[in-house]
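Structure data follow from coords-v3.txt (compact mmCIF, C-alpha atoms and all ligand atoms):
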# COMPACT_ATOMS: atom_id res chain seq x y z
CA MET A 1 116.38 123.63 109.22
CA ASN A 2 113.98 120.82 108.40
CA ASN A 3 113.19 118.58 111.35
CA TYR A 4 111.75 115.15 110.63
CA LYS A 5 109.86 113.10 113.20
CA ILE A 6 110.63 109.42 112.79
CA THR A 7 108.91 106.61 114.67
CA LEU A 8 111.15 103.62 115.29
CA LEU A 9 109.56 100.19 115.45
CA LYS A 10 112.59 98.14 116.39
CA GLY A 11 110.60 94.93 116.76
CA ASP A 12 112.05 91.53 117.61
CA GLY A 13 115.16 89.41 117.12
CA ILE A 14 117.87 91.36 115.32
CA GLY A 15 115.43 94.27 114.84
CA PRO A 16 116.82 96.51 117.61
CA GLU A 17 120.49 96.09 116.65
CA ILE A 18 119.97 96.77 112.94
CA VAL A 19 117.69 99.75 113.57
CA ASN A 20 120.32 101.21 115.93
CA GLN A 21 122.84 101.16 113.09
CA ALA A 22 120.34 102.77 110.73
CA VAL A 23 119.73 105.56 113.27
CA LYS A 24 123.46 106.16 113.54
CA VAL A 25 123.72 106.52 109.76
CA LEU A 26 120.65 108.78 109.57
CA ASP A 27 122.09 111.04 112.28
CA LYS A 28 125.34 111.29 110.38
CA ALA A 29 123.48 112.10 107.15
CA ALA A 30 121.46 114.76 109.00
CA GLU A 31 124.64 116.43 110.25
CA LYS A 32 126.22 116.35 106.83
CA PHE A 33 123.22 117.43 104.74
CA GLY A 34 121.77 119.97 107.17
CA PHE A 35 118.54 118.59 108.59
CA GLU A 36 117.40 117.36 111.99
CA VAL A 37 115.74 114.15 113.06
CA THR A 38 113.80 113.45 116.25
CA TYR A 39 112.92 109.89 117.15
CA ASP A 40 110.14 108.26 119.04
CA GLU A 41 109.90 104.52 119.70
CA ALA A 42 106.81 102.33 119.62
CA LEU A 43 106.08 98.63 120.01
CA LEU A 44 105.18 96.24 117.19
CA GLY A 45 105.23 92.45 116.99
CA GLY A 46 106.38 90.06 119.68
CA CYS A 47 107.78 92.76 121.96
CA ALA A 48 104.36 94.42 121.85
CA ILE A 49 102.63 91.14 122.72
CA ASP A 50 104.94 90.74 125.73
CA ALA A 51 104.34 94.28 126.94
CA THR A 52 100.65 94.80 126.12
CA GLY A 53 99.14 91.47 125.05
CA VAL A 54 98.61 92.52 121.42
CA PRO A 55 101.03 92.82 118.46
CA LEU A 56 99.80 96.27 117.39
CA PRO A 57 98.80 98.55 120.28
CA GLU A 58 96.64 101.61 119.47
CA GLU A 59 99.41 103.84 120.76
CA THR A 60 101.74 102.53 118.05
CA ILE A 61 99.27 103.44 115.30
CA ALA A 62 98.81 106.93 116.78
CA LYS A 63 102.57 107.55 117.05
CA CYS A 64 103.17 106.38 113.47
CA LYS A 65 100.37 108.57 112.12
CA ALA A 66 101.83 111.58 113.91
CA SER A 67 105.28 111.14 112.37
CA ASP A 68 106.87 111.99 109.04
CA SER A 69 107.98 108.41 108.50
CA VAL A 70 108.41 105.06 110.16
CA MET A 71 111.50 102.81 110.37
CA LEU A 72 110.87 99.15 111.10
CA GLY A 73 113.39 96.46 112.04
CA ALA A 74 111.69 93.06 111.91
CA VAL A 75 109.03 91.18 113.84
CA GLY A 76 108.39 87.61 114.92
CA GLY A 77 110.17 84.65 116.48
CA PRO A 78 109.58 81.16 117.86
CA LYS A 79 108.55 82.58 121.22
CA TRP A 80 105.23 83.74 119.74
CA ASP A 81 104.56 80.77 117.43
CA ASN A 82 101.80 79.52 119.67
CA GLN A 83 99.80 82.74 119.54
CA PRO A 84 96.46 82.44 117.73
CA GLY A 85 96.68 83.58 114.07
CA ASN A 86 95.16 87.00 114.65
CA ASN A 87 97.50 87.76 117.55
CA ARG A 88 100.80 86.71 116.01
CA PRO A 89 103.58 89.29 115.49
CA GLU A 90 102.92 89.05 111.72
CA ALA A 91 99.33 90.16 112.31
CA GLY A 92 100.79 93.34 113.80
CA LEU A 93 102.75 93.94 110.60
CA LEU A 94 99.67 93.44 108.40
CA GLY A 95 97.72 95.63 110.83
CA ILE A 96 100.12 98.57 110.62
CA ARG A 97 100.18 98.33 106.80
CA GLY A 98 96.39 98.49 106.79
CA ALA A 99 96.10 101.18 109.48
CA LEU A 100 98.53 103.52 107.72
CA GLY A 101 97.07 102.79 104.26
CA LEU A 102 100.44 101.59 102.95
CA PHE A 103 99.12 100.14 99.71
CA ALA A 104 102.31 100.28 97.64
CA ASN A 105 105.33 98.21 98.54
CA LEU A 106 108.50 98.91 96.59
CA ARG A 107 111.07 96.13 96.69
CA PRO A 108 114.14 96.86 94.62
CA SER A 109 116.44 93.99 93.71
CA VAL A 110 119.80 95.40 92.79
CA ILE A 111 123.24 93.90 92.75
CA PHE A 112 126.01 95.88 94.36
CA GLY A 113 129.00 95.31 92.06
CA PRO A 114 131.34 93.81 94.68
CA LEU A 115 128.64 91.33 95.73
CA LYS A 116 128.02 89.79 92.32
CA SER A 117 129.66 86.54 93.29
CA ALA A 118 127.19 86.13 96.17
CA SER A 119 124.37 85.47 93.70
CA PRO A 120 123.65 81.79 93.00
CA ILE A 121 122.90 82.72 89.37
CA LYS A 122 125.68 82.65 86.77
CA ASP A 123 127.44 85.97 86.08
CA GLU A 124 126.50 86.03 82.41
CA ILE A 125 122.82 85.66 83.24
CA ILE A 126 122.81 88.48 85.79
CA GLY A 127 124.85 90.87 83.66
CA ASP A 128 126.41 93.99 85.09
CA ASN A 129 123.50 95.97 86.35
CA MET A 130 120.53 93.87 87.28
CA ASP A 131 118.02 96.33 88.69
CA ILE A 132 114.45 95.14 89.17
CA LEU A 133 111.79 97.00 91.09
CA ILE A 134 108.91 94.91 92.36
CA VAL A 135 105.83 97.00 93.09
CA ARG A 136 103.67 94.85 95.33
CA GLU A 137 100.08 95.72 96.24
CA LEU A 138 100.13 95.64 100.04
CA THR A 139 96.72 96.25 101.60
CA GLY A 140 94.36 94.11 99.52
CA GLY A 141 93.94 90.71 97.96
CA ILE A 142 93.95 87.43 99.82
CA TYR A 143 95.93 88.85 102.75
CA PHE A 144 93.02 91.10 103.67
CA GLY A 145 90.06 89.20 102.19
CA GLU A 146 87.47 87.35 104.20
CA ARG A 147 88.50 83.98 105.53
CA GLY A 148 87.11 81.31 107.73
CA ARG A 149 86.56 77.70 108.62
CA LYS A 150 83.57 75.63 107.62
CA GLU A 151 82.48 72.11 106.87
CA VAL A 152 82.49 70.60 103.40
CA GLY A 153 80.81 67.23 103.00
CA GLY A 154 81.06 66.70 106.73
CA GLN A 155 84.81 67.41 106.67
CA PRO A 156 86.54 70.39 108.26
CA ALA A 157 87.65 72.93 105.62
CA ALA A 158 89.06 76.46 105.42
CA TRP A 159 88.77 79.29 102.90
CA ASP A 160 90.45 82.62 102.03
CA THR A 161 89.33 85.21 99.46
CA GLU A 162 91.30 86.96 96.73
CA GLN A 163 89.41 90.12 95.83
CA TYR A 164 90.49 93.38 94.18
CA THR A 165 88.46 96.48 93.42
CA VAL A 166 89.17 98.59 90.34
CA PRO A 167 90.39 101.60 92.40
CA GLU A 168 92.82 99.35 94.30
CA ILE A 169 94.28 98.07 91.04
CA GLU A 170 94.36 101.52 89.45
CA ARG A 171 96.32 103.14 92.26
CA ILE A 172 98.98 100.44 92.43
CA ALA A 173 99.27 100.43 88.62
CA ARG A 174 99.86 104.19 88.69
CA VAL A 175 102.67 103.78 91.21
CA ALA A 176 104.29 101.22 88.93
CA PHE A 177 103.99 103.38 85.81
CA ASP A 178 105.25 106.46 87.68
CA MET A 179 108.27 104.48 88.86
CA ALA A 180 108.89 103.14 85.35
CA MET A 181 108.90 106.71 83.99
CA ARG A 182 111.85 107.47 86.29
CA ARG A 183 113.61 104.24 85.24
CA ASN A 184 113.72 102.24 82.02
CA LYS A 185 110.06 102.72 81.09
CA ARG A 186 109.06 99.08 81.12
CA VAL A 187 106.32 97.51 83.25
CA THR A 188 105.56 93.80 83.54
CA SER A 189 102.19 93.14 85.14
CA VAL A 190 102.09 89.72 86.75
CA ASP A 191 98.84 87.83 87.25
CA LYS A 192 97.13 84.47 86.79
CA ALA A 193 94.53 85.67 84.30
CA ASN A 194 94.33 82.24 82.67
CA VAL A 195 92.62 80.99 85.84
CA LEU A 196 91.55 83.73 88.26
CA GLU A 197 88.72 86.23 87.69
CA SER A 198 90.43 88.72 90.01
CA SER A 199 93.47 88.52 87.73
CA ARG A 200 91.34 89.17 84.64
CA LEU A 201 90.07 92.37 86.26
CA TRP A 202 93.66 93.20 87.27
CA ARG A 203 94.87 92.85 83.68
CA GLU A 204 92.00 94.87 82.13
CA THR A 205 92.55 97.65 84.65
CA VAL A 206 96.32 97.81 84.21
CA ILE A 207 95.82 98.03 80.43
CA ARG A 208 93.40 100.93 80.89
CA VAL A 209 95.79 102.80 83.22
CA SER A 210 98.66 102.23 80.77
CA LYS A 211 96.91 104.48 78.22
CA ASP A 212 97.93 107.41 80.43
CA TYR A 213 101.58 106.38 80.08
CA PRO A 214 102.18 106.06 76.33
CA GLU A 215 105.95 106.09 76.80
CA VAL A 216 105.94 103.02 79.02
CA GLU A 217 106.09 99.61 77.40
CA LEU A 218 103.67 97.22 79.16
CA ASN A 219 103.68 93.45 79.02
CA HIS A 220 101.81 90.78 80.97
CA MET A 221 103.10 87.58 82.45
CA TYR A 222 101.49 84.72 84.33
CA VAL A 223 102.98 84.35 87.78
CA ASP A 224 104.35 80.83 87.18
CA ASN A 225 106.12 81.98 84.04
CA CYS A 226 107.45 85.05 85.86
CA ALA A 227 108.94 82.85 88.61
CA MET A 228 110.78 80.97 85.86
CA GLN A 229 111.81 84.06 83.85
CA LEU A 230 113.33 85.66 86.95
CA VAL A 231 116.03 83.01 87.07
CA ARG A 232 116.21 82.39 83.32
CA ASN A 233 116.70 86.02 82.28
CA PRO A 234 116.34 88.58 85.09
CA LYS A 235 117.70 91.37 82.89
CA GLN A 236 114.45 91.50 80.91
CA PHE A 237 112.67 93.15 83.86
CA ASP A 238 112.48 96.79 84.87
CA VAL A 239 109.32 97.27 87.00
CA ILE A 240 107.12 94.33 88.00
CA VAL A 241 103.67 95.16 89.35
CA THR A 242 101.64 92.49 91.05
CA SER A 243 99.18 91.51 93.76
CA ASN A 244 99.92 91.16 97.44
CA ILE A 245 100.52 87.40 97.53
CA PHE A 246 102.32 87.10 94.17
CA GLY A 247 104.53 90.02 95.20
CA ASP A 248 105.35 88.35 98.49
CA ILE A 249 106.59 85.25 96.70
CA LEU A 250 108.34 86.86 93.73
CA SER A 251 110.17 89.41 95.90
CA ASP A 252 111.81 86.65 97.94
CA GLU A 253 112.91 84.99 94.72
CA ALA A 254 114.23 88.27 93.29
CA SER A 255 116.13 89.01 96.50
CA MET A 256 118.07 85.77 96.22
CA ILE A 257 119.02 86.54 92.63
CA ALA A 258 120.59 89.72 94.00
CA GLY A 259 122.81 87.66 96.27
CA SER A 260 121.77 88.17 99.83
CA ILE A 261 118.46 88.84 101.45
CA GLY A 262 120.53 90.75 104.03
CA MET A 263 121.07 93.56 101.53
CA LEU A 264 117.61 94.47 100.32
CA ALA A 265 115.54 97.41 101.48
CA SER A 266 111.88 98.16 101.01
CA ALA A 267 109.47 101.05 101.16
CA SER A 268 105.76 100.87 101.87
CA LEU A 269 103.99 103.99 100.67
CA SER A 270 100.59 105.50 101.32
CA GLY A 271 100.38 107.94 98.45
CA GLY A 272 101.15 110.80 100.85
CA LYS A 273 104.39 111.63 102.61
CA LEU A 274 104.11 108.97 105.31
CA GLY A 275 105.91 105.75 104.50
CA LEU A 276 107.21 102.74 106.35
CA TYR A 277 110.72 101.55 105.61
CA GLU A 278 112.13 98.15 106.47
CA PRO A 279 114.61 95.52 105.36
CA ILE A 280 112.89 92.69 103.51
CA HIS A 281 114.53 90.03 105.66
CA GLY A 282 113.06 88.71 108.90
CA SER A 283 113.99 88.93 112.57
CA ALA A 284 116.61 86.11 112.52
CA PRO A 285 116.11 85.18 116.19
CA ASP A 286 118.91 82.60 115.93
CA ILE A 287 121.57 85.30 115.59
CA ALA A 288 119.96 88.07 117.65
CA GLY A 289 122.15 89.87 120.17
CA GLN A 290 125.42 88.48 118.83
CA ASP A 291 126.45 91.56 116.86
CA ILE A 292 126.78 89.55 113.63
CA ALA A 293 123.61 90.64 111.78
CA ASN A 294 123.97 92.58 108.53
CA PRO A 295 122.54 96.09 109.07
CA LEU A 296 122.92 97.15 105.41
CA ALA A 297 119.35 96.40 104.29
CA THR A 298 118.08 98.61 107.11
CA ILE A 299 120.64 101.31 106.31
CA LEU A 300 119.57 101.17 102.65
CA SER A 301 115.96 101.49 103.85
CA VAL A 302 116.98 104.79 105.42
CA ALA A 303 118.15 105.88 101.98
CA MET A 304 114.74 104.97 100.53
CA MET A 305 113.05 106.94 103.32
CA LEU A 306 115.15 110.00 102.57
CA ARG A 307 114.29 109.70 98.87
CA TYR A 308 110.57 108.85 98.96
CA SER A 309 109.27 110.44 102.17
CA LEU A 310 111.62 113.22 103.21
CA GLY A 311 112.72 114.66 99.88
CA GLU A 312 116.43 114.42 100.78
CA ALA A 313 117.58 112.73 97.59
CA GLU A 314 121.17 113.88 97.93
CA ALA A 315 121.53 112.27 101.34
CA ALA A 316 119.92 109.10 99.96
CA ASP A 317 122.45 108.89 97.12
CA ALA A 318 125.30 109.50 99.57
CA ILE A 319 124.24 106.61 101.81
CA GLU A 320 123.96 104.22 98.87
CA SER A 321 127.43 105.19 97.64
CA ALA A 322 128.86 104.86 101.14
CA VAL A 323 127.47 101.31 101.37
CA ALA A 324 128.96 100.39 98.00
CA ARG A 325 132.38 101.68 99.10
CA VAL A 326 132.32 99.84 102.42
CA LEU A 327 131.49 96.58 100.61
CA GLU A 328 134.74 96.77 98.71
CA THR A 329 136.67 96.02 101.89
CA SER A 330 134.40 94.89 104.73
CA ARG A 331 131.68 92.29 105.12
CA THR A 332 129.36 90.89 107.75
CA PRO A 333 129.45 87.07 108.01
CA ASP A 334 126.41 86.51 105.72
CA ILE A 335 128.20 88.10 102.75
CA TYR A 336 131.78 87.36 103.76
CA GLU A 337 134.35 86.53 101.07
CA GLU A 338 138.05 85.67 101.34
CA GLY A 339 140.34 88.64 101.48
CA MET A 340 137.76 90.91 103.08
CA LYS A 341 137.67 92.18 106.62
CA LYS A 342 134.97 90.41 108.65
CA VAL A 343 133.00 92.90 110.72
CA GLY A 344 130.01 92.82 113.06
CA CYS A 345 126.74 94.77 112.94
CA GLU A 346 127.97 97.69 115.02
CA GLU A 347 131.24 98.07 113.14
CA MET A 348 129.43 97.90 109.79
CA GLY A 349 127.29 100.84 110.92
CA ASP A 350 130.41 102.78 111.94
CA LEU A 351 132.09 102.07 108.60
CA VAL A 352 129.13 103.40 106.63
CA CYS A 353 129.12 106.55 108.81
CA ALA A 354 132.83 107.01 108.21
CA GLN A 355 132.32 106.81 104.43
CA LEU A 356 129.49 109.38 104.49
C1 LIG B 401 106.91 90.13 103.89
C2 LIG B 401 106.63 89.07 104.91
C3 LIG B 401 105.23 89.28 105.46
C4 LIG B 401 104.26 89.18 104.31
C5 LIG B 401 104.83 88.32 106.58
C6 LIG B 401 105.82 88.37 107.73
C7 LIG B 401 103.43 88.58 107.08
O1 LIG B 401 106.78 87.81 104.35
O2 LIG B 401 106.88 91.33 104.27
O3 LIG B 401 107.18 89.79 102.75
O4 LIG B 401 103.86 88.08 103.91
O5 LIG B 401 103.90 90.23 103.75
MG MG B 402 107.55 87.84 102.37
So that I can check it, write out the structure of this file as structure tokens.
Ligand code: IPM
Ligand code: MG
Amino acid sequence: MNNYKITLLKGDGIGPEIVNQAVKVLDKAAEKFGFEVTYDEALLGGCAIDATGVPLPEETIAKCKASDSVMLGAVGGPKWDNQPGNNRPEAGLLGIRGALGLFANLRPSVIFGPLKSASPIKDEIIGDNMDILIVRELTGGIYFGERGRKEVGGQPAAWDTEQYTVPEIERIARVAFDMAMRRNKRVTSVDKANVLESSRLWRETVIRVSKDYPEVELNHMYVDNCAMQLVRNPKQFDVIVTSNIFGDILSDEASMIAGSIGMLASASLSGGKLGLYEPIHGSAPDIAGQDIANPLATILSVAMMLRYSLGEAEAADAIESAVARVLETSRTPDIYEEGMKKVGCEEMGDLVCAQL
């Protein structure tokens, strides 16, 4: 029987409670589909700062590297807002992405049928099966470029650098084209090539890579136009590939089109088996510990982990169907609608297990 070693980074705020539900669902899937999972926990973010003084202890990197995959809850909270920039919980998140080489971030924006009314966009604009996959470059660009403070004309100033190498662009482009081949064979590459040199290199490189994927239709869009097109006509998109910072911004926008940020999962991939899976929402410290958080994004992240890292596609499909069925009758407060049963985090996890 396959045994998978999973490192849990529960993190801060609602992180522990949502990860606990995800573990419950993964254990149930293991029992049903005939595999075993062993867990190890490690510290990341604010909890790591409290325990060790830094947001990403060496031990955490070592444990993650030694596992088949990593599940992350969420990091951050007001308690650590006064930490210097390079010691904030968020720095731990960027650090683990870099340390594990997780260059490809997949952020699907899908609407679960029963949740259509939760989207702020009109029904006729969303259509029946909005399904966008944002492929965000995750270990380069301005997030990882050189930065600093200096003086300009006697005034204090600050600078950050957006830089991409050709191999960095090629490998993320390949992920996007490979994904498109399994989907509707369309890729939109998003850049700001009318202004930025790094974007001009991005565009040239994506065009060159596209020659290896003659079946995929490629188009290019400036990031400002893309932000507008996402609300004007989201159905036009299949796969969007873009830089680290543009992907950060556009994926929040796309998540809202899908109704609730509490529903969306993400995968960060290294090109090998190891991946890191997390909900795209944050640590919601205001509702932590009250058993009202929505664990579904984390549970759906488990499905992505089963599909992309562990090769258990059947179990992944089963979890996604179980979530869809539960949504027909039961909702956490963030996605509550009249006529439904209002449930907490723990009960939501139990309901998904029962449907599996
Ligand atoms: C995300 C988050 C992070 C990012 C923050 C917390 C550093 O917004 O995963 O989208 O900007 O990448
Ligand atoms: Mg973000």
Find the distance between atom CA of A:Ser309 and atom CA of A:Tyr4 and write it in Å to one decimal.
->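 That distance, rounded to one decimal, is 10.0 Å.
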Go ahead and compute the interatomic distance for atom CA of A:Ala284 and atom CA of A:Asn129, in Å to one decimal.
->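 Going from atom CA of A:Ala284 over to atom CA of A:Asn129, I get 28.8 Å.
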Residue nearest ligand LIG 401 (chain B) - candidates A:Thr165, A:Ser251, A:Gln229, A:Ser301, atoms counted: only C-alpha atoms and all ligand atoms =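 Of the candidates, the smallest distance to ligand LIG 401 (chain B) is held by A:Ser251.
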Neighbours of ligand MG 402 (chain B) within 9 Å, counting all atoms listed in the file, as a list in words?
-> Ile245, Gly247, Asp248, Ile249, Leu250, Ser251, Asp252, Ile280, His281 and Gly282 of chain A
Quote the spacing between atom CA of A:Ile142 and atom CA of A:Gly95 in Å to one decimal place.
->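 Interatomic distance here is 14.2 Å.
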Across A:Ala118, A:Val75, A:Ala42, A:Ile126, the smallest distance to ligand LIG 401 (chain B), with all atoms listed in the file counted, is shown by A:Val75
Neighbour list for A:Pro295 as a list in words, cut-off 8 Å, all atoms listed in the file, skip fewer than 2 positions in-chain | Glu17, Ile18, Val19, Gln21, Ala22, Gly262, Ala293, Ala297, Thr298, Ile299, Cys345, Met348 and Gly349 of chain A
Selection: 7 Å around A:Leu56, all atoms listed in the file, excl. self and same-chain fewer than 3 positions, as an MDAnalysis selection string = chainID A and resid 44:45 48 60 92 95
Stretch 214-221 of chain A surroundings by all atoms listed in the file, 6 Å radius, close-in-sequence under 6 positions cut, as a list in words =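 Near neighbours after the sequence-gap exclusion: Lys185, Arg186, Val187, Thr188, Ser189 and Val190 of chain A.
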Counting only C-alpha atoms, what is within 6 Å of A:Ile132, bar same-chain residues fewer than 5 positions away, as a list in words?
-> Pro108, Ser109, Phe237, Asp238 and Val239 of chain A
With all atoms listed in the file as the basis for distance, which of A:Ala62, A:Ala51, A:Val241, A:Leu106 is at the shortest distance from ligand LIG 401 (chain B)?
->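 Among A:Ala62, A:Ala51, A:Val241, A:Leu106, it is A:Leu106 that comes nearest to ligand LIG 401 (chain B).
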Expected axis-aligned box over every listed atom of stretch 255-274 of chain A, 5 Å added per side, centre plus edges in Å to one decimal, as AutoDock Vina command-line options:
--center_x 111.6 --center_y 98.7 --center_z 99.0 --size_x 32.4 --size_y 35.9 --size_z 22.7
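The residue that comes closest to A:Leu230, out of A:Met304, A:Ala173, A:Leu196, A:Ala254 and on the basis of all atoms listed in the file, is A:Ala254.
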Using all atoms listed in the file, determine which residues lie at most 10 Å from A:Asp212, disregarding the query and same-chain residues fewer than 4 positions distant; provide the list as a PyMOL selection string.
-> chain A and resi 174+177+207-208+216
Could you tell me, as a list in words, which residues have any atom at most 10 Å from (98.7, 102.9, 93.1), counting all atoms listed in the file?
->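 Residues lying no farther than 10 Å from the given point: Phe103, Ala104, Asn105, Val135, Arg136, Glu137, Pro167, Glu168, Ile169, Glu170, Arg171, Ile172, Ala173, Arg174, Val175, Ala176, Phe177, Asp178, Val241, Leu269, Ser270 and Gly271 of chain A.
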Between A:Thr161, A:Ser283, A:Asn20, A:Ser199, which one has atoms that come closest to ligand LIG 401 (chain B), using only C-alpha atoms and all ligand atoms?
->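 The answer is A:Ser283, which sits nearest to ligand LIG 401 (chain B).
Distances to ligand LIG 401 (chain B) were evaluated for A:Gly53, A:Gly154, A:Gly85, A:Pro234 using all atoms listed in the file, and the minimum falls at A:Gly85.
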With all heavy atoms as the goal, would you fill in the gaps in stretch 239-247 of chain A and present it as a short mmCIF file (atom, residue, chain, number, x, y, z; two decimals), in the coordinates of the input?
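Contents of result_20.cif, freshly written:
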data_model
loop_
_atom_site.label_atom_id
_atom_site.label_comp_id
_atom_site.auth_asym_id
_atom_site.auth_seq_id
_atom_site.Cartn_x
_atom_site.Cartn_y
_atom_site.Cartn_z
N VAL A 239 110.28 97.22 85.89
CA VAL A 239 109.32 97.27 87.00
C VAL A 239 108.35 96.10 86.86
O VAL A 239 107.82 95.85 85.78
CB VAL A 239 108.54 98.60 86.98
CG1 VAL A 239 107.46 98.60 88.06
CG2 VAL A 239 109.48 99.78 87.18
N ILE A 240 108.14 95.39 87.96
CA ILE A 240 107.12 94.33 88.00
C ILE A 240 106.02 94.81 88.93
O ILE A 240 106.30 95.21 90.06
CB ILE A 240 107.73 93.02 88.57
CG1 ILE A 240 108.75 92.42 87.59
CG2 ILE A 240 106.62 92.00 88.89
CD1 ILE A 240 109.45 91.16 88.11
N VAL A 241 104.77 94.79 88.46
CA VAL A 241 103.67 95.16 89.35
C VAL A 241 102.77 93.95 89.54
O VAL A 241 102.42 93.26 88.59
CB VAL A 241 102.88 96.39 88.83
CG1 VAL A 241 102.21 96.12 87.49
CG2 VAL A 241 101.83 96.83 89.85
N THR A 242 102.43 93.69 90.79
CA THR A 242 101.64 92.49 91.05
C THR A 242 100.87 92.57 92.37
O THR A 242 101.02 93.51 93.14
CB THR A 242 102.54 91.23 90.95
OG1 THR A 242 101.71 90.07 90.92
CG2 THR A 242 103.50 91.14 92.12
N SER A 243 100.06 91.54 92.58
CA SER A 243 99.18 91.51 93.76
C SER A 243 99.98 91.23 95.03
O SER A 243 101.16 90.89 94.99
CB SER A 243 98.15 90.40 93.57
OG SER A 243 98.82 89.15 93.55
N ASN A 244 99.30 91.33 96.14
CA ASN A 244 99.92 91.16 97.44
C ASN A 244 100.63 89.80 97.56
O ASN A 244 101.83 89.73 97.85
CB ASN A 244 98.81 91.30 98.51
CG ASN A 244 99.34 91.72 99.86
OD1 ASN A 244 100.52 91.57 100.15
ND2 ASN A 244 98.48 92.24 100.70
N ILE A 245 99.91 88.72 97.30
CA ILE A 245 100.52 87.40 97.53
C ILE A 245 101.56 87.05 96.46
O ILE A 245 102.63 86.52 96.78
CB ILE A 245 99.45 86.29 97.66
CG1 ILE A 245 100.12 85.01 98.17
CG2 ILE A 245 98.70 86.05 96.35
CD1 ILE A 245 99.16 84.00 98.76
N PHE A 246 101.31 87.40 95.20
CA PHE A 246 102.32 87.10 94.17
C PHE A 246 103.58 87.93 94.44
O PHE A 246 104.70 87.46 94.26
CB PHE A 246 101.78 87.39 92.77
CG PHE A 246 100.64 86.49 92.33
CD1 PHE A 246 99.83 86.87 91.26
CD2 PHE A 246 100.38 85.29 92.96
CE1 PHE A 246 98.77 86.05 90.84
CE2 PHE A 246 99.33 84.46 92.55
CZ PHE A 246 98.52 84.85 91.49
N GLY A 247 103.38 89.16 94.90
CA GLY A 247 104.53 90.02 95.20
C GLY A 247 105.34 89.51 96.37
O GLY A 247 106.57 89.63 96.41
#
